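Following: one structure in structure tokens, then a few remarks.
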Amino acid sequence: MKNIAKYLLLSLTVGLLAAFSVQAQEIPSTAVPAGFGRYCSVIYQDGTWGMISRPSPNSDPCKELLPAGSNGKIQRAGLWAVGHKNNVLRTCDGDVGIYAGAGYAIIKTAYKDAGNKKNCVFTISPMMLRVFSRPYQDNPLPLPSLARVTNKHNYNFYGKPVNFADYGRQPNPDCPTSTAILRDGRQTCHPHGGYDLVMPTGTKLTAVADGIVREARWRDVTEFSDTNCKNKSPQGEMYVEHQIGSGKYAERFITYYAHLSKIDVKKGDKVTRGKTLAKSGDSGCSSEPHLHFAVIRTTNLSGYYRLDPTYTDHGYGFSSPHGLIDHFHWNAPRGVDPWATISLENVWDPTLKAIVKRPGAFSLWLWRDGEEPAGK
């Protein structure tokens with residue numbers, strides 16, 4: 001699947017970055033599992049700030065921070081794990097702290113480190129939020145032979161300089177100059193924006209959770225120089241948005257399916273977990289029958305509270321890799337998820353030929369027990 005690796009994120013996303021806008025249709029919601037609370041991070045007009053994390057899933061910390069008549073603005077609001085591990089990104093007027101640890105203790109550490117600094121924003125993410133089911137229907141072939149994995153998610157899309165020893169790893173002798181990082185901190189020779197799961201054409205693909213189809217289409221990919229893109233165009237692809245929880249604290253994700261042979265839903269359809277959406281195939285920029293599966297986070301990114309993508313018929317197909325995360329979470333021997341901070345500043349996107357603003361996000365384990373796909 002060399003040409004898929006070579007193509008990097010071409011099966012994924014495109015267009016110019018869209019400012020936050022509320023989608024017209026309400027997203028079906030999945031209940032928050034037990035063991036999660038809510039947090040809110042606010043900045044006031046004078047640069048002072050507030051951050052509260054409450055252990056109750058029914059709390060309203062933003063209301064505590066922003067009573068009637070206050071002049072603050074919500075910077076982040078979402079879920080945190082009360083009894084399990086969390087990641088925390090703290091930014092205060094250019095000063096950055098990144099943390100990983102259990103429960104409230106790590107949030108408290110980040111809070112204390114902020115001290116009297118101004119304009120502090122806290123982005124908190126649980127390391128696990130077990131809400132998704134497997135994205136393909138079981139086949140007579142026993143797992144994992146159904147879905148052989150050939151390419152995995154890269155945590156360093158823009159090729160920032162990196163020292164793999166920081167993550168407890170030695171350089172890969174096969175590609176010592178590569179800057180691509182896998183979830184276990186290893187250096188990979190094949191940068192890639194998701195997981196390629198090899199499976200027979202016609203395998204049923206299913207919704208991982210309740211959601212709404214944001215786009216389902218056959219896209220012309222002959223603009224790309226790869227031979228397979230030209231010979232196997234158009235590419236069947238689909239984007240489904242899911243919401244965990246409700247209101248200002250909801251966490252939202254988009255699941256992306258590519259190289260389809262058949263699409264059974266249309267844009268705007270509301271779907272339930274387990275519903276058949278499409279069938280796998282070999283269309284578009286693909287070198288063998290497989291499912292390219294990726295997850296895009298649209299809430300609580302490193303640089304944004306909420307960010308809704310746009311979909312176009314060229315480039316990546318989606319508004320750059322903002323919020324593109326690993327659904328198996330970061331799990332290296334050392335270090336905290338680098339995608340949250342490695343591109344905190346503005347970066348140049350060579351495919352879009354444009355500046356992309358702070359595209360990172362924390363990855364998290366999203367699979368229900370026993371429902372994770374092959375790949376980790």
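Ordered as shown in the structure tokens, chains take letters A, B, and onward, while each chain numbers its residues from 1 and ligands are numbered from 1 in the order shown.
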Could you please write out, as JSON, numbers by chain, every residue of segment 135-317 of chain A that DSSP assigns to strand (DSSP E or B)? {"A": [136, 148, 149, 150, 151, 180, 181, 187, 188, 195, 196, 197, 198, 204, 205, 206, 211, 212, 213, 214, 215, 216, 217, 218, 219, 235, 236, 237, 238, 239, 240, 241, 242, 243, 244, 251, 252, 253, 254, 255, 256, 257, 258, 259, 260, 261, 262, 263, 270, 271, 276, 277, 278, 279, 280, 281, 290, 291, 292, 293, 294, 295, 296, 297, 299, 306]}
Within 10 Å of Pro234 of chain A using only C-alpha atoms, minus same-chain residues under 3 positions, as a PyMOL selection string: chain A and resi 217-222+229-231+237+259-260+283-285
Write to file, as a PDB file, in the first residue's frame, the residues of the selection just made, with N, CA, C and O atoms.
ATOM      1  N   ARG A 217     -20.587  10.400  -0.803  1.00  0.00           N
ATOM      2  CA  ARG A 217     -20.394  10.812  -2.196  1.00  0.00           C
ATOM      3  C   ARG A 217     -19.390   9.945  -2.937  1.00  0.00           C
ATOM      4  O   ARG A 217     -18.639   9.163  -2.343  1.00  0.00           O
ATOM      5  N   TRP A 218     -19.380  10.165  -4.232  1.00  0.00           N
ATOM      6  CA  TRP A 218     -18.370   9.613  -5.119  1.00  0.00           C
ATOM      7  C   TRP A 218     -17.560  10.803  -5.620  1.00  0.00           C
ATOM      8  O   TRP A 218     -18.058  11.638  -6.370  1.00  0.00           O
ATOM      9  N   ARG A 219     -16.308  10.906  -5.184  1.00  0.00           N
ATOM     10  CA  ARG A 219     -15.498  12.096  -5.469  1.00  0.00           C
ATOM     11  C   ARG A 219     -14.447  11.815  -6.541  1.00  0.00           C
ATOM     12  O   ARG A 219     -13.719  10.822  -6.474  1.00  0.00           O
ATOM     13  N   ASP A 220     -14.347  12.715  -7.503  1.00  0.00           N
ATOM     14  CA  ASP A 220     -13.343  12.633  -8.547  1.00  0.00           C
ATOM     15  C   ASP A 220     -11.966  12.932  -7.949  1.00  0.00           C
ATOM     16  O   ASP A 220     -11.743  14.023  -7.414  1.00  0.00           O
ATOM     17  N   VAL A 221     -11.051  11.952  -7.990  1.00  0.00           N
ATOM     18  CA  VAL A 221      -9.709  12.157  -7.435  1.00  0.00           C
ATOM     19  C   VAL A 221      -8.638  12.105  -8.517  1.00  0.00           C
ATOM     20  O   VAL A 221      -7.454  11.877  -8.234  1.00  0.00           O
ATOM     21  N   THR A 222      -9.021  12.335  -9.761  1.00  0.00           N
ATOM     22  CA  THR A 222      -8.040  12.294 -10.854  1.00  0.00           C
ATOM     23  C   THR A 222      -7.094  13.479 -10.827  1.00  0.00           C
ATOM     24  O   THR A 222      -6.121  13.510 -11.590  1.00  0.00           O
ATOM     25  N   CYS A 229      -5.207   6.645  -8.245  1.00  0.00           N
ATOM     26  CA  CYS A 229      -6.204   7.708  -8.147  1.00  0.00           C
ATOM     27  C   CYS A 229      -6.853   7.943  -9.508  1.00  0.00           C
ATOM     28  O   CYS A 229      -8.069   8.116  -9.610  1.00  0.00           O
ATOM     29  N   LYS A 230      -6.049   7.946 -10.547  1.00  0.00           N
ATOM     30  CA  LYS A 230      -6.555   8.226 -11.890  1.00  0.00           C
ATOM     31  C   LYS A 230      -7.358   7.041 -12.443  1.00  0.00           C
ATOM     32  O   LYS A 230      -8.396   7.226 -13.081  1.00  0.00           O
ATOM     33  N   ASN A 231      -6.862   5.829 -12.188  1.00  0.00           N
ATOM     34  CA  ASN A 231      -7.509   4.647 -12.777  1.00  0.00           C
ATOM     35  C   ASN A 231      -8.744   4.184 -12.017  1.00  0.00           C
ATOM     36  O   ASN A 231      -9.608   3.519 -12.594  1.00  0.00           O
ATOM     37  N   GLU A 237     -16.737   7.720  -0.525  1.00  0.00           N
ATOM     38  CA  GLU A 237     -16.355   8.140   0.823  1.00  0.00           C
ATOM     39  C   GLU A 237     -17.551   8.711   1.570  1.00  0.00           C
ATOM     40  O   GLU A 237     -18.539   9.149   0.968  1.00  0.00           O
ATOM     41  N   HIS A 259     -12.807   4.637   0.152  1.00  0.00           N
ATOM     42  CA  HIS A 259     -12.552   3.576  -0.843  1.00  0.00           C
ATOM     43  C   HIS A 259     -13.727   2.605  -0.942  1.00  0.00           C
ATOM     44  O   HIS A 259     -13.557   1.411  -1.153  1.00  0.00           O
ATOM     45  N   LEU A 260     -14.933   3.133  -0.795  1.00  0.00           N
ATOM     46  CA  LEU A 260     -16.138   2.317  -0.747  1.00  0.00           C
ATOM     47  C   LEU A 260     -16.510   1.778  -2.124  1.00  0.00           C
ATOM     48  O   LEU A 260     -16.197   2.373  -3.159  1.00  0.00           O
ATOM     49  N   SER A 283     -12.018   1.682  -4.381  1.00  0.00           N
ATOM     50  CA  SER A 283     -12.189   2.844  -5.237  1.00  0.00           C
ATOM     51  C   SER A 283     -11.234   3.970  -4.869  1.00  0.00           C
ATOM     52  O   SER A 283     -10.756   4.066  -3.741  1.00  0.00           O
ATOM     53  N   GLY A 284     -10.955   4.810  -5.848  1.00  0.00           N
ATOM     54  CA  GLY A 284     -10.137   5.986  -5.599  1.00  0.00           C
ATOM     55  C   GLY A 284      -8.678   5.670  -5.393  1.00  0.00           C
ATOM     56  O   GLY A 284      -8.121   4.763  -6.013  1.00  0.00           O
ATOM     57  N   CYS A 285      -8.032   6.425  -4.517  1.00  0.00           N
ATOM     58  CA  CYS A 285      -6.580   6.316  -4.298  1.00  0.00           C
ATOM     59  C   CYS A 285      -6.274   5.122  -3.403  1.00  0.00           C
ATOM     60  O   CYS A 285      -5.941   5.265  -2.222  1.00  0.00           O
TER      61      CYS A 285
END
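Compared by their closest atoms to Gly268 of chain A, and using only C-alpha atoms, the residues A:Glu251, A:Asp60, A:Asp166, A:Glu241 rank with A:Glu241 nearest.
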Can you list every residue of segment 144-183 of chain A that has an atom at most 10 Å from segment 358-368 of chain A, with its nearest atom pair and the distance in Å to one decimal, using only C-alpha atoms, ordered by chain then number, as a Markdown table?
| residue | atom | partner | partner_atom | distance |
| --- | --- | --- | --- | --- |
| A:Tyr155 | CA | A:Gly360 | CA | 9.2 |
| A:Asn156 | CA | A:Gly360 | CA | 9.5 |
| A:Phe157 | CA | A:Gly360 | CA | 9.7 |
| A:Arg183 | CA | A:Ser363 | CA | 9.3 |
Residue neighbourhood segment 290-299 of chain A, 6 Å, only C-alpha atoms, exclusion window fewer than 2 positions, as JSON, numbers by chain: {"A": [194, 195, 196, 197, 198, 199, 251, 252, 253, 254, 255, 256, 257, 258, 280, 281, 301, 305, 306, 307, 323, 324, 325]}
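Those residues that approach Asn71 of chain A to within 8 Å, counting only C-alpha atoms, are A:Tyr44, A:Gln45, A:Leu66; same-chain residues fewer than 3 positions away are not listed.
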Please produce a file of the residues just selected, as a tab-separated table (two decimals), in the first residue's frame, where the atoms kept are C-alpha atoms.
chain	number	residue	atom	x	y	z
A	44	TYR	CA	-12.59	37.49	30.99
A	45	GLN	CA	-12.11	40.79	29.18
A	66	LEU	CA	-20.24	33.13	33.86
Tell me, as a list of chain:residue names, which residues lie within 7 Å of Cys40 of chain A, counting only C-alpha atoms; anything in the same chain fewer than 2 positions away does not count.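 Here the answer would be A:Val42, A:Met51, A:Ile52, A:Ser53, A:Pro61, A:Cys62, A:Arg76, A:Ala77, A:Gly78.
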Write to file, as a PDB file, in the first residue's frame, the residues of the selection just made, with N, CA and C atoms.
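Output file result_17.pdb is given in full below:
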ATOM      1  N   VAL A  42     -12.654  29.571  30.987  1.00  0.00           N
ATOM      2  CA  VAL A  42     -13.191  30.875  30.591  1.00  0.00           C
ATOM      3  C   VAL A  42     -12.096  31.932  30.678  1.00  0.00           C
ATOM      4  N   MET A  51     -11.241  28.415  35.638  1.00  0.00           N
ATOM      5  CA  MET A  51     -11.399  27.032  35.190  1.00  0.00           C
ATOM      6  C   MET A  51     -11.968  26.222  36.343  1.00  0.00           C
ATOM      7  N   ILE A  52     -13.050  25.493  36.080  1.00  0.00           N
ATOM      8  CA  ILE A  52     -13.674  24.637  37.087  1.00  0.00           C
ATOM      9  C   ILE A  52     -13.911  23.268  36.469  1.00  0.00           C
ATOM     10  N   SER A  53     -13.591  22.214  37.220  1.00  0.00           N
ATOM     11  CA  SER A  53     -13.939  20.848  36.813  1.00  0.00           C
ATOM     12  C   SER A  53     -14.751  20.219  37.937  1.00  0.00           C
ATOM     13  N   PRO A  61     -20.421  23.917  35.256  1.00  0.00           N
ATOM     14  CA  PRO A  61     -19.336  24.806  35.702  1.00  0.00           C
ATOM     15  C   PRO A  61     -19.249  26.114  34.913  1.00  0.00           C
ATOM     16  N   CYS A  62     -19.678  26.124  33.651  1.00  0.00           N
ATOM     17  CA  CYS A  62     -19.654  27.378  32.894  1.00  0.00           C
ATOM     18  C   CYS A  62     -20.605  28.402  33.502  1.00  0.00           C
ATOM     19  N   ARG A  76     -13.104  26.559  26.420  1.00  0.00           N
ATOM     20  CA  ARG A  76     -13.262  25.115  26.272  1.00  0.00           C
ATOM     21  C   ARG A  76     -14.327  24.655  27.269  1.00  0.00           C
ATOM     22  N   ALA A  77     -15.038  23.589  26.914  1.00  0.00           N
ATOM     23  CA  ALA A  77     -16.004  22.976  27.832  1.00  0.00           C
ATOM     24  C   ALA A  77     -16.244  21.563  27.353  1.00  0.00           C
ATOM     25  N   GLY A  78     -16.122  20.592  28.255  1.00  0.00           N
ATOM     26  CA  GLY A  78     -16.298  19.214  27.837  1.00  0.00           C
ATOM     27  C   GLY A  78     -16.241  18.247  28.987  1.00  0.00           C
TER      28      GLY A  78
END
Long-range neighbours of Asp113 of chain A as a VMD selection string, 12 Å cut-off, only C-alpha atoms, 4 positions minimum in chain: chain A and resid 88 to 92 95 to 99 106 to 109 117 120 122
Coordinates-based distance that separates atom CA of Arg148 of chain A from atom CA of Ser320 of chain A (Å, one decimal):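 Result for atom CA of Ser320 of chain A versus atom CA of Arg148 of chain A: 26.9 Å, one decimal.
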Separation of atom CA of Thr30 of chain A from atom CA of Asp337 of chain A, in Å and rounded to one decimal: 25.6 Å
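In terms of minimum interatomic distance to Ile342 of chain A, A:Ile181 ranks closest within A:Ile263, A:Ala100, A:Cys189, A:Ile181, counting only C-alpha atoms.
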Write out as number ranges by chain each polymer residue whose atoms come within 12 Å of Tyr136 of chain A, counting only C-alpha atoms; drop sequence neighbours fewer than 2 positions from it. A: 132-134, 138-139, 143, 146-147, 197-208, 257, 273-280, 290-293, 371-374
Quick one: write out the picked residues with C-alpha atoms as a short mmCIF file (atom, residue, chain, number, x, y, z; two decimals), in the first residue's frame?
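again-v3.cif was written with the following content:
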data_model
loop_
_atom_site.label_atom_id
_atom_site.label_comp_id
_atom_site.auth_asym_id
_atom_site.auth_seq_id
_atom_site.Cartn_x
_atom_site.Cartn_y
_atom_site.Cartn_z
CA PHE A 132 -17.89 3.38 19.66
CA SER A 133 -18.66 -0.05 18.21
CA ARG A 134 -16.63 -1.75 15.47
CA ASP A 138 -18.20 -9.44 11.49
CA ASN A 139 -17.39 -11.70 8.56
CA LEU A 143 -10.65 -11.57 13.23
CA LEU A 146 -10.74 -9.89 8.27
CA ALA A 147 -8.98 -6.59 8.68
CA LEU A 197 -7.89 -2.04 7.25
CA VAL A 198 -7.53 -4.60 4.46
CA MET A 199 -10.77 -6.53 3.96
CA PRO A 200 -12.69 -8.15 1.10
CA THR A 201 -14.65 -5.88 -1.21
CA GLY A 202 -18.29 -5.92 -0.14
CA THR A 203 -17.69 -6.15 3.62
CA LYS A 204 -20.57 -4.37 5.38
CA LEU A 205 -19.53 -1.12 7.07
CA THR A 206 -21.57 0.07 10.02
CA ALA A 207 -22.12 3.19 12.14
CA VAL A 208 -19.93 3.21 15.27
CA TYR A 257 -14.87 5.86 5.64
CA ARG A 273 -25.24 2.48 16.06
CA GLY A 274 -24.71 -0.70 14.03
CA LYS A 275 -26.68 0.46 10.98
CA THR A 276 -25.19 -0.62 7.65
CA LEU A 277 -23.84 2.47 5.90
CA ALA A 278 -21.87 1.15 2.94
CA LYS A 279 -19.69 -1.66 1.64
CA SER A 280 -15.92 -1.68 1.53
CA HIS A 290 -9.58 -2.01 2.14
CA LEU A 291 -11.31 0.47 4.43
CA HIS A 292 -9.54 3.72 5.22
CA PHE A 293 -11.02 4.65 8.61
CA GLU A 371 -15.52 -3.69 19.99
CA GLU A 372 -12.21 -2.21 18.88
CA PRO A 373 -11.30 -2.85 15.22
CA ALA A 374 -8.03 -4.41 14.19
#
Please identify the helix (DSSP H, G or I) residues within segment 32-245 of chain A (assignment by DSSP from backbone atoms) and present them as a VMD selection string. chain A and resid 61 to 65 103 to 114 164 to 167 227 to 232
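Note that the spacing between atom CA of Ser29 of chain A and atom CA of Tyr304 of chain A amounts to 21.2 Å.
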Go through A:Gly303, A:Gly101, A:Gly47, A:Gly317 one by one, measure the shortest atom-to-atom distance of each to Val356 of chain A using only C-alpha atoms, and give the residue with the smallest value. A:Gly303
